[in-house]
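Source file protein22.cif; content: mmCIF, N, CA and C atoms.
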```cif
data_run
loop_
_atom_site.label_atom_id
_atom_site.label_comp_id
_atom_site.auth_asym_id
_atom_site.auth_seq_id
_atom_site.Cartn_x
_atom_site.Cartn_y
_atom_site.Cartn_z
N MET J 1 -99.79 -11.58 45.31
CA MET J 1 -100.12 -12.05 43.99
C MET J 1 -99.17 -13.16 43.60
N THR J 2 -99.70 -14.29 43.23
CA THR J 2 -98.91 -15.46 42.91
C THR J 2 -98.55 -15.45 41.43
N LYS J 3 -97.28 -15.80 41.16
CA LYS J 3 -96.83 -15.89 39.77
C LYS J 3 -97.43 -17.14 39.15
N GLN J 4 -97.87 -17.04 37.94
CA GLN J 4 -98.44 -18.18 37.22
C GLN J 4 -97.58 -18.50 36.01
N THR J 5 -97.40 -19.77 35.78
CA THR J 5 -96.70 -20.18 34.57
C THR J 5 -97.73 -20.54 33.52
N PRO J 6 -97.40 -20.34 32.27
CA PRO J 6 -98.35 -20.75 31.24
C PRO J 6 -98.46 -22.26 31.20
N SER J 7 -99.68 -22.75 31.08
CA SER J 7 -99.85 -24.19 31.03
C SER J 7 -99.66 -24.64 29.59
N PRO J 8 -99.29 -25.81 29.29
CA PRO J 8 -98.90 -26.88 30.20
C PRO J 8 -97.45 -26.73 30.62
N SER J 9 -97.21 -26.89 31.90
CA SER J 9 -95.87 -26.76 32.43
C SER J 9 -95.65 -27.83 33.49
N VAL J 10 -94.46 -28.36 33.52
CA VAL J 10 -94.11 -29.36 34.52
C VAL J 10 -94.13 -28.73 35.91
N THR J 11 -93.75 -27.46 36.00
CA THR J 11 -93.64 -26.81 37.30
C THR J 11 -94.97 -26.35 37.85
N ALA J 12 -96.05 -26.41 37.09
CA ALA J 12 -97.35 -25.95 37.56
C ALA J 12 -98.14 -27.06 38.24
N ARG J 13 -97.52 -28.18 38.49
CA ARG J 13 -98.22 -29.29 39.13
C ARG J 13 -98.56 -28.94 40.57
N ALA J 14 -99.56 -29.60 41.10
CA ALA J 14 -100.03 -29.30 42.44
C ALA J 14 -99.07 -29.77 43.53
N ARG J 15 -98.12 -30.64 43.22
CA ARG J 15 -97.26 -31.22 44.24
C ARG J 15 -96.02 -30.38 44.54
N THR J 16 -95.99 -29.13 44.15
CA THR J 16 -94.87 -28.26 44.53
C THR J 16 -95.31 -27.49 45.78
N ASP J 17 -95.16 -28.10 46.93
CA ASP J 17 -95.59 -27.48 48.17
C ASP J 17 -94.38 -27.06 49.00
N ASN J 18 -94.64 -26.68 50.23
CA ASN J 18 -93.61 -26.10 51.08
C ASN J 18 -92.89 -27.13 51.95
N THR J 19 -92.99 -28.39 51.67
CA THR J 19 -92.39 -29.40 52.55
C THR J 19 -91.15 -30.07 51.98
N HIS J 20 -90.69 -29.65 50.85
CA HIS J 20 -89.54 -30.32 50.22
C HIS J 20 -88.23 -30.02 50.93
N TRP J 21 -88.18 -28.94 51.69
CA TRP J 21 -86.95 -28.64 52.43
C TRP J 21 -86.71 -29.69 53.51
N ILE J 22 -87.75 -30.37 53.95
CA ILE J 22 -87.59 -31.43 54.96
C ILE J 22 -86.79 -32.59 54.37
N THR J 23 -87.04 -32.92 53.12
CA THR J 23 -86.26 -33.97 52.46
C THR J 23 -84.80 -33.59 52.39
N LEU J 24 -84.52 -32.33 52.10
CA LEU J 24 -83.13 -31.85 52.06
C LEU J 24 -82.47 -31.95 53.43
N LEU J 25 -83.21 -31.59 54.46
CA LEU J 25 -82.68 -31.66 55.82
C LEU J 25 -82.42 -33.11 56.23
N LEU J 26 -83.32 -34.00 55.90
CA LEU J 26 -83.12 -35.42 56.21
C LEU J 26 -81.92 -35.99 55.46
N TYR J 27 -81.74 -35.60 54.21
CA TYR J 27 -80.58 -36.06 53.46
C TYR J 27 -79.29 -35.55 54.11
N LEU J 28 -79.29 -34.32 54.56
CA LEU J 28 -78.11 -33.75 55.20
C LEU J 28 -77.76 -34.51 56.48
N VAL J 29 -78.76 -34.84 57.29
CA VAL J 29 -78.53 -35.60 58.52
C VAL J 29 -78.03 -37.00 58.20
N LEU J 30 -78.64 -37.65 57.22
CA LEU J 30 -78.21 -39.00 56.83
C LEU J 30 -76.77 -38.99 56.31
N THR J 31 -76.42 -37.99 55.54
CA THR J 31 -75.06 -37.89 55.01
C THR J 31 -74.06 -37.66 56.13
N MET J 32 -74.42 -36.86 57.11
CA MET J 32 -73.52 -36.64 58.24
C MET J 32 -73.29 -37.94 59.02
N MET J 33 -74.33 -38.73 59.17
CA MET J 33 -74.17 -40.01 59.87
C MET J 33 -73.29 -40.96 59.07
N ALA J 34 -73.52 -41.07 57.76
CA ALA J 34 -72.70 -41.95 56.92
C ALA J 34 -71.26 -41.46 56.85
N SER J 35 -71.07 -40.16 56.80
CA SER J 35 -69.72 -39.61 56.76
C SER J 35 -69.01 -39.84 58.08
N GLY J 36 -69.73 -39.71 59.17
CA GLY J 36 -69.15 -40.00 60.48
C GLY J 36 -68.69 -41.44 60.59
N TYR J 37 -69.50 -42.35 60.05
CA TYR J 37 -69.09 -43.75 60.06
C TYR J 37 -67.87 -43.97 59.17
N ALA J 38 -67.84 -43.31 58.01
CA ALA J 38 -66.69 -43.45 57.11
C ALA J 38 -65.41 -42.94 57.75
N VAL J 39 -65.50 -41.80 58.41
CA VAL J 39 -64.32 -41.26 59.10
C VAL J 39 -63.91 -42.18 60.25
N TRP J 40 -64.88 -42.69 60.98
CA TRP J 40 -64.57 -43.61 62.08
C TRP J 40 -63.88 -44.85 61.56
N SER J 41 -64.33 -45.36 60.40
CA SER J 41 -63.71 -46.57 59.86
C SER J 41 -62.29 -46.30 59.36
N ILE J 42 -62.00 -45.09 58.98
CA ILE J 42 -60.63 -44.74 58.56
C ILE J 42 -59.73 -44.59 59.78
N ILE J 43 -60.23 -43.98 60.83
CA ILE J 43 -59.42 -43.72 62.03
C ILE J 43 -59.24 -44.96 62.88
N HIS J 44 -60.27 -45.78 62.98
CA HIS J 44 -60.23 -46.96 63.84
C HIS J 44 -59.18 -47.96 63.32
N PRO J 45 -58.32 -48.45 64.20
CA PRO J 45 -57.24 -49.34 63.73
C PRO J 45 -57.71 -50.71 63.25
N ASN J 46 -58.84 -51.20 63.74
CA ASN J 46 -59.31 -52.53 63.34
C ASN J 46 -60.27 -52.49 62.15
N ARG J 47 -60.54 -51.32 61.61
CA ARG J 47 -61.47 -51.18 60.49
C ARG J 47 -60.70 -50.75 59.24
N THR J 48 -61.32 -50.97 58.11
CA THR J 48 -60.73 -50.54 56.85
C THR J 48 -61.75 -49.69 56.11
N PRO J 49 -61.32 -48.66 55.40
CA PRO J 49 -62.28 -47.86 54.64
C PRO J 49 -62.88 -48.63 53.47
N TYR J 50 -62.32 -49.80 53.14
CA TYR J 50 -62.84 -50.60 52.04
C TYR J 50 -63.82 -51.67 52.51
N SER J 51 -64.34 -51.52 53.71
CA SER J 51 -65.26 -52.53 54.23
C SER J 51 -66.59 -52.47 53.48
N TYR J 52 -67.32 -53.57 53.57
CA TYR J 52 -68.62 -53.68 52.90
C TYR J 52 -69.60 -52.66 53.45
N LEU J 53 -69.64 -52.51 54.77
CA LEU J 53 -70.60 -51.60 55.39
C LEU J 53 -70.29 -50.15 55.04
N ASN J 54 -69.02 -49.80 54.99
CA ASN J 54 -68.64 -48.44 54.62
C ASN J 54 -69.05 -48.14 53.18
N GLY J 55 -68.77 -49.06 52.28
CA GLY J 55 -69.18 -48.89 50.89
C GLY J 55 -70.68 -48.83 50.73
N LEU J 56 -71.38 -49.65 51.50
CA LEU J 56 -72.84 -49.64 51.44
C LEU J 56 -73.42 -48.32 51.94
N ALA J 57 -72.87 -47.78 53.03
CA ALA J 57 -73.37 -46.52 53.58
C ALA J 57 -73.14 -45.37 52.60
N LEU J 58 -71.95 -45.30 52.03
CA LEU J 58 -71.66 -44.21 51.09
C LEU J 58 -72.43 -44.37 49.78
N THR J 59 -72.59 -45.59 49.31
CA THR J 59 -73.35 -45.82 48.08
C THR J 59 -74.83 -45.52 48.29
N ALA J 60 -75.35 -45.86 49.46
CA ALA J 60 -76.76 -45.57 49.75
C ALA J 60 -77.00 -44.07 49.80
N THR J 61 -76.11 -43.33 50.45
CA THR J 61 -76.30 -41.87 50.50
C THR J 61 -76.10 -41.25 49.12
N ALA J 62 -75.20 -41.80 48.32
CA ALA J 62 -75.04 -41.30 46.95
C ALA J 62 -76.29 -41.60 46.13
N GLY J 63 -76.88 -42.76 46.32
CA GLY J 63 -78.12 -43.09 45.62
C GLY J 63 -79.29 -42.23 46.06
N LEU J 64 -79.32 -41.91 47.35
CA LEU J 64 -80.39 -41.06 47.86
C LEU J 64 -80.21 -39.60 47.47
N SER J 65 -79.05 -39.26 46.93
CA SER J 65 -78.85 -37.88 46.49
C SER J 65 -79.80 -37.52 45.35
N VAL J 66 -80.30 -38.51 44.63
CA VAL J 66 -81.30 -38.25 43.59
C VAL J 66 -82.50 -37.56 44.20
N PHE J 67 -82.94 -38.03 45.37
CA PHE J 67 -84.09 -37.43 46.03
C PHE J 67 -83.78 -36.03 46.54
N ALA J 68 -82.53 -35.81 46.93
CA ALA J 68 -82.14 -34.46 47.36
C ALA J 68 -82.21 -33.48 46.20
N TYR J 69 -81.75 -33.90 45.04
CA TYR J 69 -81.81 -33.01 43.87
C TYR J 69 -83.25 -32.76 43.44
N LEU J 70 -84.10 -33.78 43.48
CA LEU J 70 -85.50 -33.59 43.15
C LEU J 70 -86.19 -32.66 44.14
N ALA J 71 -85.88 -32.82 45.42
CA ALA J 71 -86.48 -31.97 46.44
C ALA J 71 -86.01 -30.53 46.28
N LEU J 72 -84.74 -30.34 45.98
CA LEU J 72 -84.24 -28.98 45.77
C LEU J 72 -84.94 -28.34 44.58
N TYR J 73 -85.09 -29.08 43.50
CA TYR J 73 -85.76 -28.55 42.32
C TYR J 73 -87.20 -28.15 42.65
N LYS J 74 -87.92 -29.04 43.31
CA LYS J 74 -89.32 -28.75 43.64
C LYS J 74 -89.45 -27.59 44.62
N ASP J 75 -88.54 -27.51 45.58
CA ASP J 75 -88.58 -26.40 46.53
C ASP J 75 -88.26 -25.08 45.84
N ALA J 76 -87.29 -25.08 44.94
CA ALA J 76 -86.96 -23.86 44.21
C ALA J 76 -88.14 -23.41 43.34
N ILE J 77 -88.84 -24.36 42.72
CA ILE J 77 -90.01 -24.03 41.91
C ILE J 77 -91.12 -23.48 42.81
N HIS J 78 -91.30 -24.07 43.97
CA HIS J 78 -92.31 -23.56 44.91
C HIS J 78 -91.99 -22.13 45.32
N LEU J 79 -90.73 -21.85 45.63
CA LEU J 79 -90.36 -20.49 46.02
C LEU J 79 -90.49 -19.52 44.86
N PHE J 80 -90.27 -19.98 43.65
CA PHE J 80 -90.43 -19.12 42.48
C PHE J 80 -91.88 -18.68 42.32
N HIS J 81 -92.81 -19.59 42.61
CA HIS J 81 -94.23 -19.29 42.46
C HIS J 81 -94.84 -18.61 43.68
N SER J 82 -94.10 -18.51 44.75
CA SER J 82 -94.65 -17.86 45.95
C SER J 82 -94.35 -16.36 45.90
N GLU J 83 -94.77 -15.66 46.91
CA GLU J 83 -94.62 -14.20 46.95
C GLU J 83 -93.31 -13.78 47.59
N ILE J 84 -92.35 -14.64 47.63
CA ILE J 84 -91.05 -14.35 48.23
C ILE J 84 -90.15 -13.76 47.16
N GLU J 85 -89.36 -12.76 47.55
CA GLU J 85 -88.50 -12.08 46.58
C GLU J 85 -87.34 -12.96 46.11
N TRP J 86 -86.92 -13.90 46.92
CA TRP J 86 -85.78 -14.74 46.57
C TRP J 86 -86.27 -15.91 45.73
N SER J 87 -85.73 -16.04 44.56
CA SER J 87 -86.04 -17.22 43.73
C SER J 87 -84.71 -17.88 43.37
N PRO J 88 -84.40 -18.98 44.05
CA PRO J 88 -83.11 -19.64 43.83
C PRO J 88 -83.00 -20.24 42.44
N LYS J 89 -81.81 -20.21 41.93
CA LYS J 89 -81.53 -20.82 40.63
C LYS J 89 -81.04 -22.25 40.87
N TRP J 90 -81.94 -23.19 40.71
CA TRP J 90 -81.62 -24.58 41.02
C TRP J 90 -80.51 -25.11 40.14
N SER J 91 -80.36 -24.57 38.95
CA SER J 91 -79.33 -25.08 38.04
C SER J 91 -77.92 -24.82 38.57
N GLN J 92 -77.73 -23.73 39.31
CA GLN J 92 -76.42 -23.45 39.90
C GLN J 92 -76.07 -24.48 40.97
N TYR J 93 -77.04 -24.86 41.75
CA TYR J 93 -76.82 -25.87 42.78
C TYR J 93 -76.53 -27.24 42.15
N PHE J 94 -77.28 -27.56 41.10
CA PHE J 94 -77.04 -28.82 40.40
C PHE J 94 -75.65 -28.85 39.78
N ALA J 95 -75.25 -27.73 39.20
CA ALA J 95 -73.94 -27.66 38.54
C ALA J 95 -72.83 -27.94 39.54
N PHE J 96 -72.89 -27.33 40.72
CA PHE J 96 -71.87 -27.59 41.73
C PHE J 96 -71.91 -29.04 42.19
N GLY J 97 -73.10 -29.54 42.44
CA GLY J 97 -73.24 -30.90 42.96
C GLY J 97 -72.71 -31.97 42.02
N PHE J 98 -72.80 -31.75 40.73
CA PHE J 98 -72.33 -32.75 39.77
C PHE J 98 -70.93 -32.47 39.23
N THR J 99 -70.47 -31.24 39.32
CA THR J 99 -69.14 -30.91 38.80
C THR J 99 -68.03 -31.52 39.64
N VAL J 100 -68.17 -31.49 40.93
CA VAL J 100 -67.12 -32.02 41.81
C VAL J 100 -66.87 -33.51 41.55
N PRO J 101 -67.90 -34.38 41.51
CA PRO J 101 -67.61 -35.79 41.21
C PRO J 101 -67.05 -36.00 39.80
N LEU J 102 -67.49 -35.20 38.83
CA LEU J 102 -66.96 -35.34 37.48
C LEU J 102 -65.48 -34.96 37.42
N ILE J 103 -65.09 -33.94 38.15
CA ILE J 103 -63.68 -33.55 38.21
C ILE J 103 -62.87 -34.65 38.89
N CYS J 104 -63.40 -35.20 39.98
CA CYS J 104 -62.70 -36.30 40.66
C CYS J 104 -62.56 -37.51 39.73
N TYR J 105 -63.62 -37.84 39.02
CA TYR J 105 -63.55 -38.97 38.10
C TYR J 105 -62.51 -38.72 37.01
N GLY J 106 -62.55 -37.53 36.43
CA GLY J 106 -61.59 -37.21 35.37
C GLY J 106 -60.16 -37.24 35.86
N PHE J 107 -59.92 -36.68 37.03
CA PHE J 107 -58.57 -36.67 37.58
C PHE J 107 -58.08 -38.09 37.87
N LEU J 108 -58.92 -38.89 38.51
CA LEU J 108 -58.52 -40.26 38.85
C LEU J 108 -58.36 -41.14 37.62
N HIS J 109 -59.18 -40.90 36.61
CA HIS J 109 -59.10 -41.70 35.40
C HIS J 109 -57.87 -41.35 34.56
N VAL J 110 -57.59 -40.07 34.44
CA VAL J 110 -56.46 -39.63 33.62
C VAL J 110 -55.12 -39.95 34.28
N THR J 111 -55.02 -39.71 35.58
CA THR J 111 -53.73 -39.89 36.26
C THR J 111 -53.52 -41.30 36.77
N ASN J 112 -54.58 -42.11 36.82
CA ASN J 112 -54.51 -43.45 37.38
C ASN J 112 -53.97 -43.41 38.82
N PHE J 113 -54.33 -42.35 39.51
CA PHE J 113 -53.91 -42.15 40.89
C PHE J 113 -54.91 -42.85 41.80
N PHE J 114 -54.41 -43.64 42.75
CA PHE J 114 -55.24 -44.32 43.74
C PHE J 114 -56.26 -45.25 43.06
N PRO J 115 -55.79 -46.21 42.25
CA PRO J 115 -56.73 -47.03 41.47
C PRO J 115 -57.65 -47.90 42.30
N ARG J 116 -57.17 -48.41 43.42
CA ARG J 116 -58.03 -49.28 44.24
C ARG J 116 -59.16 -48.51 44.90
N GLY J 117 -58.88 -47.29 45.32
CA GLY J 117 -59.89 -46.51 46.03
C GLY J 117 -60.63 -45.51 45.18
N ALA J 118 -60.44 -45.54 43.86
CA ALA J 118 -61.10 -44.57 42.98
C ALA J 118 -62.63 -44.59 43.10
N PRO J 119 -63.27 -45.76 43.09
CA PRO J 119 -64.73 -45.75 43.25
C PRO J 119 -65.18 -45.15 44.59
N LEU J 120 -64.43 -45.44 45.64
CA LEU J 120 -64.76 -44.86 46.95
C LEU J 120 -64.64 -43.35 46.94
N VAL J 121 -63.62 -42.83 46.28
CA VAL J 121 -63.42 -41.39 46.21
C VAL J 121 -64.52 -40.73 45.38
N ILE J 122 -64.90 -41.35 44.28
CA ILE J 122 -65.93 -40.76 43.42
C ILE J 122 -67.29 -40.75 44.11
N VAL J 123 -67.65 -41.86 44.74
CA VAL J 123 -68.93 -41.92 45.46
C VAL J 123 -68.92 -40.95 46.65
N SER J 124 -67.79 -40.88 47.34
CA SER J 124 -67.69 -39.94 48.47
C SER J 124 -67.79 -38.50 47.99
N SER J 125 -67.18 -38.20 46.85
CA SER J 125 -67.25 -36.82 46.35
C SER J 125 -68.68 -36.45 45.96
N LEU J 126 -69.43 -37.39 45.39
CA LEU J 126 -70.84 -37.11 45.08
C LEU J 126 -71.63 -36.87 46.36
N THR J 127 -71.40 -37.71 47.35
CA THR J 127 -72.11 -37.57 48.62
C THR J 127 -71.78 -36.25 49.30
N PHE J 128 -70.50 -35.92 49.37
CA PHE J 128 -70.10 -34.70 50.07
C PHE J 128 -70.48 -33.44 49.30
N SER J 129 -70.39 -33.46 47.97
CA SER J 129 -70.77 -32.27 47.22
C SER J 129 -72.28 -32.05 47.29
N THR J 130 -73.05 -33.13 47.29
CA THR J 130 -74.50 -32.99 47.44
C THR J 130 -74.85 -32.49 48.83
N ALA J 131 -74.14 -32.97 49.84
CA ALA J 131 -74.39 -32.48 51.20
C ALA J 131 -74.02 -31.01 51.34
N ALA J 132 -72.91 -30.61 50.75
CA ALA J 132 -72.50 -29.20 50.80
C ALA J 132 -73.50 -28.33 50.06
N MET J 133 -73.95 -28.78 48.90
CA MET J 133 -74.94 -28.04 48.14
C MET J 133 -76.24 -27.92 48.92
N THR J 134 -76.64 -28.99 49.59
CA THR J 134 -77.86 -28.98 50.39
C THR J 134 -77.74 -28.03 51.56
N ALA J 135 -76.59 -28.05 52.25
CA ALA J 135 -76.38 -27.16 53.39
C ALA J 135 -76.40 -25.69 52.96
N VAL J 136 -75.74 -25.38 51.87
CA VAL J 136 -75.74 -23.99 51.38
C VAL J 136 -77.15 -23.56 50.99
N TYR J 137 -77.87 -24.42 50.31
CA TYR J 137 -79.24 -24.08 49.90
C TYR J 137 -80.13 -23.85 51.12
N LEU J 138 -80.03 -24.72 52.11
CA LEU J 138 -80.88 -24.57 53.30
C LEU J 138 -80.52 -23.32 54.09
N CYS J 139 -79.23 -22.98 54.16
CA CYS J 139 -78.83 -21.74 54.84
C CYS J 139 -79.36 -20.52 54.10
N ARG J 140 -79.21 -20.49 52.81
CA ARG J 140 -79.73 -19.35 52.03
C ARG J 140 -81.24 -19.28 52.10
N ARG J 141 -81.88 -20.43 52.11
CA ARG J 141 -83.34 -20.45 52.23
C ARG J 141 -83.77 -19.89 53.57
N HIS J 142 -83.04 -20.23 54.62
CA HIS J 142 -83.36 -19.72 55.94
C HIS J 142 -83.17 -18.21 56.02
N TRP J 143 -82.12 -17.70 55.41
CA TRP J 143 -81.88 -16.25 55.44
C TRP J 143 -82.97 -15.49 54.71
N HIS J 144 -83.46 -16.02 53.61
CA HIS J 144 -84.41 -15.29 52.79
C HIS J 144 -85.87 -15.58 53.12
N VAL J 145 -86.15 -16.79 53.58
CA VAL J 145 -87.53 -17.19 53.78
C VAL J 145 -87.88 -17.32 55.26
N SER J 146 -86.88 -17.45 56.11
CA SER J 146 -87.04 -17.67 57.55
C SER J 146 -87.61 -19.04 57.87
N LYS J 147 -87.59 -19.94 56.93
CA LYS J 147 -87.91 -21.34 57.16
C LYS J 147 -86.83 -22.12 56.49
N PRO J 148 -86.39 -23.15 56.94
CA PRO J 148 -86.61 -23.88 58.17
C PRO J 148 -85.99 -23.19 59.35
#
```
Would you write the structure of this file as structure tokens?
Amino acid sequence: MTKQTPSPSVTARARTDNTHWITLLLYLVLTMMASGYAVWSIIHPNRTPYSYLNGLALTATAGLSVFAYLALYKDAIHLFHSEIEWSPKWSQYFAFGFTVPLICYGFLHVTNFFPRGAPLVIVSSLTFSTAAMTAVYLCRRHWHVSKP
């Protein structure tokens, strides 16, 4: 028996299907590749972490995190309406994903610590917290739903 929400509801749209976890998985892979490049640019002696390509990679993954949050929301709504006992609370995942960059911003702004690299740290913290949130969500989804 499928749970129904009273109409009109944003969550009752037909586009809440079972494929949104793929977007989360793709974001996680993309973030790992961008993070690998960022670490390589820090370790490599001829590269600098302030390079244009490093900033572009991290900013692109931070920008694409919007799609990860939308996919997580839609997947959580899909699971809520399905016959699965686990219904994830998307707001908890969102809270973690946005709290870490806000704490980093507040700390760097108040202490004026590392002023040249503050934007890099804030964008990196958004990227890494979103990737961590995505990984935890996908693991919990796998334990409860057996997909992916």
Inset, instruction - Can you work out which one of J:Tyr37, J:Phe128, J:Tyr137, J:Trp143 has the shortest atom-to-atom distance to Ala62 of chain J, counting only N, CA and C atoms? - result: J:Phe128
Legend entry - Shell around Asp75 of chain J at 6 Å using all atoms listed in the file, local window under 5 positions removed, as a list in words: His20, Trp21, Leu70 and Phe80 of chain J
Legend entry - Option closest in space to Leu64 of chain J, from J:Ser82, J:Tyr27, J:Ile103, J:Phe113 [counting all atoms listed in the file]: J:Tyr27
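The space separating atom C of Arg116 of chain J from atom CA of Thr48 of chain J comes to 12.2 Å.
If only C-alpha atoms are the atoms counted, then among J:Leu126, J:Leu72, J:Ala38, J:Ile43 the closest residue to Val100 of chain J is J:Leu126.
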Inset, instruction - Using backbone DSSP assignments, extract all helix (DSSP H, G or I) residues from chain J; output them as a ChimeraX atom specification. - result: /J:10-12,20-43,52-81,90-111,118-145
Inset, instruction - Name the residues in contact with Met33 of chain J at a cut-off of 12 Å, using only C-alpha atoms, excluding same-chain residues fewer than 4 positions from it; report them as a ChimeraX atom specification. - result: /J:26-29,37-40,54,57-58,60-61,127-128,131
Selected residues, N, CA and C atoms, written as a CSV table (one decimal), in the frame of the given file, please.
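As written to disk, result_16.csv reads:
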```
chain,number,residue,atom,x,y,z
J,26,LEU,N,-83.3,-34.0,55.9
J,26,LEU,CA,-83.1,-35.4,56.2
J,26,LEU,C,-81.9,-36.0,55.5
J,27,TYR,N,-81.7,-35.6,54.2
J,27,TYR,CA,-80.6,-36.1,53.5
J,27,TYR,C,-79.3,-35.6,54.1
J,28,LEU,N,-79.3,-34.3,54.6
J,28,LEU,CA,-78.1,-33.8,55.2
J,28,LEU,C,-77.8,-34.5,56.5
J,29,VAL,N,-78.8,-34.8,57.3
J,29,VAL,CA,-78.5,-35.6,58.5
J,29,VAL,C,-78.0,-37.0,58.2
J,37,TYR,N,-69.5,-42.4,60.0
J,37,TYR,CA,-69.1,-43.8,60.1
J,37,TYR,C,-67.9,-44.0,59.2
J,38,ALA,N,-67.8,-43.3,58.0
J,38,ALA,CA,-66.7,-43.4,57.1
J,38,ALA,C,-65.4,-42.9,57.8
J,39,VAL,N,-65.5,-41.8,58.4
J,39,VAL,CA,-64.3,-41.3,59.1
J,39,VAL,C,-63.9,-42.2,60.2
J,40,TRP,N,-64.9,-42.7,61.0
J,40,TRP,CA,-64.6,-43.6,62.1
J,40,TRP,C,-63.9,-44.8,61.6
J,54,ASN,N,-69.0,-49.8,55.0
J,54,ASN,CA,-68.6,-48.4,54.6
J,54,ASN,C,-69.0,-48.1,53.2
J,57,ALA,N,-72.9,-47.8,53.0
J,57,ALA,CA,-73.4,-46.5,53.6
J,57,ALA,C,-73.1,-45.4,52.6
J,58,LEU,N,-72.0,-45.3,52.0
J,58,LEU,CA,-71.7,-44.2,51.1
J,58,LEU,C,-72.4,-44.4,49.8
J,60,ALA,N,-75.4,-45.9,49.5
J,60,ALA,CA,-76.8,-45.6,49.8
J,60,ALA,C,-77.0,-44.1,49.8
J,61,THR,N,-76.1,-43.3,50.4
J,61,THR,CA,-76.3,-41.9,50.5
J,61,THR,C,-76.1,-41.2,49.1
J,127,THR,N,-71.4,-37.7,47.4
J,127,THR,CA,-72.1,-37.6,48.6
J,127,THR,C,-71.8,-36.2,49.3
J,128,PHE,N,-70.5,-35.9,49.4
J,128,PHE,CA,-70.1,-34.7,50.1
J,128,PHE,C,-70.5,-33.4,49.3
J,131,ALA,N,-74.1,-33.0,49.8
J,131,ALA,CA,-74.4,-32.5,51.2
J,131,ALA,C,-74.0,-31.0,51.3
```
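With atom C of Ala118 of chain J on one side and atom N of Phe94 of chain J on the other, the separation reads 22.6 Å.
One finds atom N of Leu24 of chain J at 24.8 Å from atom N of Leu120 of chain J.
Residue nearest Gly63 of chain J within the list J:Leu138, J:Ala34, J:Ile42, J:Val123: J:Val123 [criterion: smallest interatomic distance, only C-alpha atoms].
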Inset, instruction - Name the residues that the PyMOL selection byres ((chain J and resi 130) around 8) pulls out of this structure, and write them as a count of residues only. - result: 21
Listed atoms of segment 81-91 of chain J boxed along x, y and z, 8 Å each side, centre and edge lengths in Å, one decimal, as lines of an AutoDock Vina configuration file:
```
center_x = -86.4
center_y = -18.6
center_z = 43.1
size_x = 32.9
size_y = 29.0
size_z = 26.2
```
Pick out the residues sitting within 12 Å of Arg140 of chain J, and hand them over as an mmCIF file with N, CA and C atoms, in the frame of the given file; count only C-alpha atoms, and ignore anything fewer than 5 positions along from it in its own chain.
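Writing the result to out_19.cif gives the following:
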```cif
data_model
loop_
_atom_site.group_PDB
_atom_site.id
_atom_site.type_symbol
_atom_site.label_atom_id
_atom_site.label_comp_id
_atom_site.auth_asym_id
_atom_site.auth_seq_id
_atom_site.Cartn_x
_atom_site.Cartn_y
_atom_site.Cartn_z
ATOM 1 N N TRP J 21 -88.180 -28.940 51.690
ATOM 2 C CA TRP J 21 -86.950 -28.640 52.430
ATOM 3 C C TRP J 21 -86.710 -29.690 53.510
ATOM 4 N N ALA J 76 -87.290 -25.080 44.940
ATOM 5 C CA ALA J 76 -86.960 -23.860 44.210
ATOM 6 C C ALA J 76 -88.140 -23.410 43.340
ATOM 7 N N TRP J 86 -86.920 -13.900 46.920
ATOM 8 C CA TRP J 86 -85.780 -14.740 46.570
ATOM 9 C C TRP J 86 -86.270 -15.910 45.730
ATOM 10 N N SER J 87 -85.730 -16.040 44.560
ATOM 11 C CA SER J 87 -86.040 -17.220 43.730
ATOM 12 C C SER J 87 -84.710 -17.880 43.370
ATOM 13 N N PRO J 88 -84.400 -18.980 44.050
ATOM 14 C CA PRO J 88 -83.110 -19.640 43.830
ATOM 15 C C PRO J 88 -83.000 -20.240 42.440
ATOM 16 N N LYS J 89 -81.810 -20.210 41.930
ATOM 17 C CA LYS J 89 -81.530 -20.820 40.630
ATOM 18 C C LYS J 89 -81.040 -22.250 40.870
ATOM 19 N N TYR J 93 -77.040 -24.860 41.750
ATOM 20 C CA TYR J 93 -76.820 -25.870 42.780
ATOM 21 C C TYR J 93 -76.530 -27.240 42.150
ATOM 22 N N MET J 133 -73.950 -28.780 48.900
ATOM 23 C CA MET J 133 -74.940 -28.040 48.140
ATOM 24 C C MET J 133 -76.240 -27.920 48.920
ATOM 25 N N THR J 134 -76.640 -28.990 49.590
ATOM 26 C CA THR J 134 -77.860 -28.980 50.390
ATOM 27 C C THR J 134 -77.740 -28.030 51.560
ATOM 28 N N ALA J 135 -76.590 -28.050 52.250
ATOM 29 C CA ALA J 135 -76.380 -27.160 53.390
ATOM 30 C C ALA J 135 -76.400 -25.690 52.960
ATOM 31 N N VAL J 145 -86.150 -16.790 53.580
ATOM 32 C CA VAL J 145 -87.530 -17.190 53.780
ATOM 33 C C VAL J 145 -87.880 -17.320 55.260
ATOM 34 N N SER J 146 -86.880 -17.450 56.110
ATOM 35 C CA SER J 146 -87.040 -17.670 57.550
ATOM 36 C C SER J 146 -87.610 -19.040 57.870
ATOM 37 N N LYS J 147 -87.590 -19.940 56.930
ATOM 38 C CA LYS J 147 -87.910 -21.340 57.160
ATOM 39 C C LYS J 147 -86.830 -22.120 56.490
ATOM 40 N N PRO J 148 -86.390 -23.150 56.940
ATOM 41 C CA PRO J 148 -86.610 -23.880 58.170
ATOM 42 C C PRO J 148 -85.990 -23.190 59.350
#
```
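Across J:Val66, J:Ala71, J:Leu53, J:Val110, the tightest approach to Thr23 of chain J is made by J:Ala71 when counting only C-alpha atoms.
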